[in-house]
Amino acid sequence: MIYLNNAATTLQKPPCVAQAVVDAMSHLGNGARGGHTGEMSAARTVFQTREALAKLFGFSHPERVIFTANATQALNTALFGLLNPGDHVIATDWDHNSVLRPLHVLARERGVEVDFLPADRQGRLRYDQLEELVRPNTKLLVCTHASNLTGNLLDVERAASFARRHGLYFLLDAAQTAGSTPISMEEMGIDLLAFTGHKGLMGPQGTGGLCVAPRVELRPLVSGGTGVRSFEEEQPAEYPEHLEAGTLNGHGLAGLGAAVDFILDTGVEAIHAHELALTHRFAQGIRDIPGVTVYGDFSGDRAPVVALNLEGWDPASAADTLAQDYDIAVRPGIHCAPRMHRALGTQDVGCLRFSFGYYTREADIDAALAALKEMAEPCE
Amino acid sequence: MRVKRPTLVITFPTTTAALQWERQCQALNIPGRIIPVPVTITADCGLAWAMPPADRGRLEEVPELSRSDCLELML
C-alpha cells in the first residue's frame, strides 16, 4: 500500500517506536505510584519524554509539558482551563473541530464570545482583519499552525506579535506540524502549544500533550489521583500534576519518547525539507493533469498536505478507486474542517486530501500522479 | 534484624521534581537514590531522595532545583 494519509496519522513509524512500546509493556510499572524498579522505570521514561519534547519545542520547562490522550484533549484542557464567562476569543477559519467544538460549548454554556479570522477563497487568512476583531475582553488568540486541509502554514510571528501587542494569550494547535515543522515556543512567543503524538511526531496513538508557558495558569480539566499530596482535596498546584490526573499512557509515552529521540537525531529541518520536496513534486505533477482543482496557497512554506478535486469524480469515489485499483490511501470528505471548506467553497462536496510523511518516497508521489492521470482520462 | 542508619532525606513537591533532582545528582556523581517518602515525614505518597549525611556538603553542587525539605532521619 502507498500510504498518503499522513495528516490523519503516520502509519509508518521508526522501528524504535514499536520496540520501545513492546519493551515498556514488559518492564514498566506505574510511574509515580511507588519507588521500586518498575515504577521508577516508568517515571523516568515519562520524564525523559517530557524532556525530549521540551527540547524539540524550544521550551525550557519540561515539567510544564503536560501529557494528554491527543491534541483534542490538549486543546480542551487549554480552552476550558483558561476561559471564563464574558471572555472573548479570536479563532480562525483554519481551525479543526478540536478547537471549534469546544469553543461552541464554551459559547453556548459559559457565555464565552468567539470571533473568527476569515480565510479567502484561496484559503489565505486575512491577517489584515485581525485588529478589527480585538475587544476589551479579548483574552486568547487560538490558531492552527497548519491547515489540515490545504497545508498552508500560519505566519506564527505575525500572530504571536499581534497577541503580545494586545496582551492576549496565544494558543497554537500544532496537530499537523509537531515533529515535521520547526517550532520554538520561546523564540516564537507561544504561550500554549497543543500537539498530538501520532502524526508528525511518529509516536503511538493515544499520546499527545500541551506545553504551558509559566505565565499561564489553567484550571484542571480532569481531577484525580496524582501519586503526590493525596490528602489534598484539590489537584496539586504544581505542574505537571496540576493538569494530569490518573495513570498516564506510560507505554505509549515510551514509544513517543523513542520517536522524539529519532526526530531530534534526524533533525526537524531535514524532515521538513524532505516532506516539502515531496509536496512540491506532487503539486507540480498535478498541474499537468486536466480537470484537477487544487486548493490553498503554494507561494510559501507549507505542511505536506495537498487538497484537490478531480473533475467528474466525487471525492469519496475517487478515494475508493485509488484504494481499490491503485492501492493508494488518501482521505476524502470534510476533514473536520467545516469553516475552511466553506471558505474554499467546497462545503457541498468536500475534497480529496493527499498528505505525505517522512517515510513517503518519490516513487509513491509518482505512482499517485500516474493514478490521477489515468483517472482524469475520459471514461469509455 | 535490619539496622537503621542515619539518612539524609530530601523531599519534592512533584514526581517530576524528584526525577530532575535524581538526574542532576547522577550527573554529579552524588551518592543516593530515589525512595518512597518515609512515613516519618508524611503518610502521603511520593518520592524522596535518600543519601548519606556525610555527603550533605555536596548538595551545594546541585543547581537550584525545586525541593521541599531536607531532613536527617534514621532509616
# chains A, B, ... in the order shown; residues from 1 in each chain; ligands from 1
$ closest_atom_pairs --of "chain A" --to "chain B" --cutoff "6 Å" --atoms "only C-alpha atoms" --output "CSV"
residue,atom,partner,partner_atom,distance
A:Gly35,CA,B:Pro36,CA,5.1
A:Gly227,CA,B:Cys45,CA,5.8
A:Val228,CA,B:Gly46,CA,4.9
A:Ser230,CA,B:Asp44,CA,5.8
$ write_last_selection --atoms "C-alpha atoms" --output "short mmCIF file (atom, residue, chain, number, x, y, z; two decimals), in the first residue's frame"
data_model
loop_
_atom_site.label_atom_id
_atom_site.label_comp_id
_atom_site.auth_asym_id
_atom_site.auth_seq_id
_atom_site.Cartn_x
_atom_site.Cartn_y
_atom_site.Cartn_z
CA GLY A 35 9.53 3.68 44.28
CA GLY A 227 0.62 9.92 43.38
CA VAL A 228 1.50 13.01 45.44
CA SER A 230 -3.02 12.57 48.43
#
$ residues_around --residues "B:Cys25" --least-positions-apart "5" --cutoff "9 Å" --atoms "only C-alpha atoms" --output "PDB file with N, CA and C atoms, in the first residue's frame"
ATOM      1  N   GLN B  20      14.072  15.194  38.261  1.00  0.00           N
ATOM      2  CA  GLN B  20      15.057  16.208  37.851  1.00  0.00           C
ATOM      3  C   GLN B  20      16.238  16.212  38.827  1.00  0.00           C
ATOM      4  N   ILE B  30      26.831  12.287  42.821  1.00  0.00           N
ATOM      5  CA  ILE B  30      26.460  12.434  44.232  1.00  0.00           C
ATOM      6  C   ILE B  30      25.733  11.163  44.650  1.00  0.00           C
ATOM      7  N   PRO B  31      26.190  10.488  45.662  1.00  0.00           N
ATOM      8  CA  PRO B  31      25.581   9.206  46.016  1.00  0.00           C
ATOM      9  C   PRO B  31      24.158   9.384  46.547  1.00  0.00           C
ATOM     10  N   GLY B  32      23.339   8.372  46.305  1.00  0.00           N
ATOM     11  CA  GLY B  32      21.967   8.416  46.795  1.00  0.00           C
ATOM     12  C   GLY B  32      21.040   7.714  45.832  1.00  0.00           C
ATOM     13  N   LEU B  59      25.546  18.870  48.406  1.00  0.00           N
ATOM     14  CA  LEU B  59      24.273  19.404  47.895  1.00  0.00           C
ATOM     15  C   LEU B  59      24.449  20.788  47.288  1.00  0.00           C
ATOM     16  N   GLU B  61      26.527  21.569  45.255  1.00  0.00           N
ATOM     17  CA  GLU B  61      26.907  21.431  43.841  1.00  0.00           C
ATOM     18  C   GLU B  61      25.682  21.346  42.927  1.00  0.00           C
ATOM     19  N   VAL B  62      24.547  20.988  43.517  1.00  0.00           N
ATOM     20  CA  VAL B  62      23.357  20.772  42.685  1.00  0.00           C
ATOM     21  C   VAL B  62      22.756  22.124  42.329  1.00  0.00           C
TER      22      VAL B  62
END
$ select_by_dssp --residues "chain B" --states "helix (DSSP H, G or I)" --output "ChimeraX atom specification"
/B:15-27,53-61
$ select_by_dssp --residues "chain B" --states "strand (DSSP E)" --output "list in words"
Pro6, Thr7, Leu8, Val9, Ile10, Thr11, Arg33, Ile34, Ile35, Pro36, Leu47, Ala48, Trp49, Ala50, Met51, Asp69, Cys70, Leu71, Glu72, Leu73 and Met74 of chain B
$ residues_around --residues "stretch 249-258 of chain A" --least-positions-apart "4" --cutoff "9 Å" --atoms "only C-alpha atoms" --output "number ranges by chain"
A: 14, 16-25, 28-31, 42-43, 45-46, 48-53, 67-69, 197-198, 201-208, 262-263
$ write_last_selection --atoms "C-alpha atoms" --output "PDB file, in the first residue's frame"
ATOM      1  CA  PRO A  14      10.615   4.484  13.029  1.00  0.00           C
ATOM      2  CA  CYS A  16      12.439   2.073  17.516  1.00  0.00           C
ATOM      3  CA  VAL A  17       8.914   3.260  18.386  1.00  0.00           C
ATOM      4  CA  ALA A  18       7.222  -0.142  18.342  1.00  0.00           C
ATOM      5  CA  GLN A  19      10.263  -1.635  20.077  1.00  0.00           C
ATOM      6  CA  ALA A  20      10.040   0.939  22.851  1.00  0.00           C
ATOM      7  CA  VAL A  21       6.346   0.199  23.365  1.00  0.00           C
ATOM      8  CA  VAL A  22       6.945  -3.548  23.482  1.00  0.00           C
ATOM      9  CA  ASP A  23       9.824  -3.093  25.932  1.00  0.00           C
ATOM     10  CA  ALA A  24       7.708  -0.779  28.051  1.00  0.00           C
ATOM     11  CA  MET A  25       4.843  -3.272  28.197  1.00  0.00           C
ATOM     12  CA  LEU A  28       7.275  -0.541  33.042  1.00  0.00           C
ATOM     13  CA  GLY A  29       5.183  -0.227  36.171  1.00  0.00           C
ATOM     14  CA  ASN A  30       3.080   2.810  37.002  1.00  0.00           C
ATOM     15  CA  GLY A  31       5.165   5.957  37.287  1.00  0.00           C
ATOM     16  CA  ALA A  42       8.011   4.255  34.174  1.00  0.00           C
ATOM     17  CA  ALA A  43       8.548   7.566  35.964  1.00  0.00           C
ATOM     18  CA  THR A  45      10.625   7.106  30.885  1.00  0.00           C
ATOM     19  CA  VAL A  46       7.796   9.633  31.130  1.00  0.00           C
ATOM     20  CA  GLN A  48      12.646  11.627  29.588  1.00  0.00           C
ATOM     21  CA  THR A  49       9.811  12.013  27.093  1.00  0.00           C
ATOM     22  CA  ARG A  50       8.888  15.357  28.670  1.00  0.00           C
ATOM     23  CA  GLU A  51      12.492  16.471  28.391  1.00  0.00           C
ATOM     24  CA  ALA A  52      12.795  15.362  24.764  1.00  0.00           C
ATOM     25  CA  LEU A  53       9.605  17.187  23.786  1.00  0.00           C
ATOM     26  CA  PHE A  67       0.514  14.680  28.665  1.00  0.00           C
ATOM     27  CA  THR A  68      -2.949  14.048  27.270  1.00  0.00           C
ATOM     28  CA  ALA A  69      -4.521  11.386  25.079  1.00  0.00           C
ATOM     29  CA  GLY A 197       1.939  12.181  19.282  1.00  0.00           C
ATOM     30  CA  HIS A 198       0.832  10.044  16.354  1.00  0.00           C
ATOM     31  CA  LEU A 201       5.927  13.040  15.829  1.00  0.00           C
ATOM     32  CA  MET A 202       5.522   9.437  14.587  1.00  0.00           C
ATOM     33  CA  GLY A 203       4.621   8.089  18.026  1.00  0.00           C
ATOM     34  CA  PRO A 204       1.744   5.861  19.125  1.00  0.00           C
ATOM     35  CA  GLN A 205      -1.895   6.905  19.005  1.00  0.00           C
ATOM     36  CA  GLY A 206      -3.290   7.811  22.420  1.00  0.00           C
ATOM     37  CA  THR A 207      -0.433  10.213  23.106  1.00  0.00           C
ATOM     38  CA  GLY A 208      -0.399  13.984  22.933  1.00  0.00           C
ATOM     39  CA  PHE A 262      14.602   9.753  16.435  1.00  0.00           C
ATOM     40  CA  ILE A 263      13.364  13.155  15.235  1.00  0.00           C
TER      41      ILE A 263
END
$ atom_distance --atom1 "atom CA of A:Leu103" --atom2 "atom CA of A:Leu79"
7.5 Å
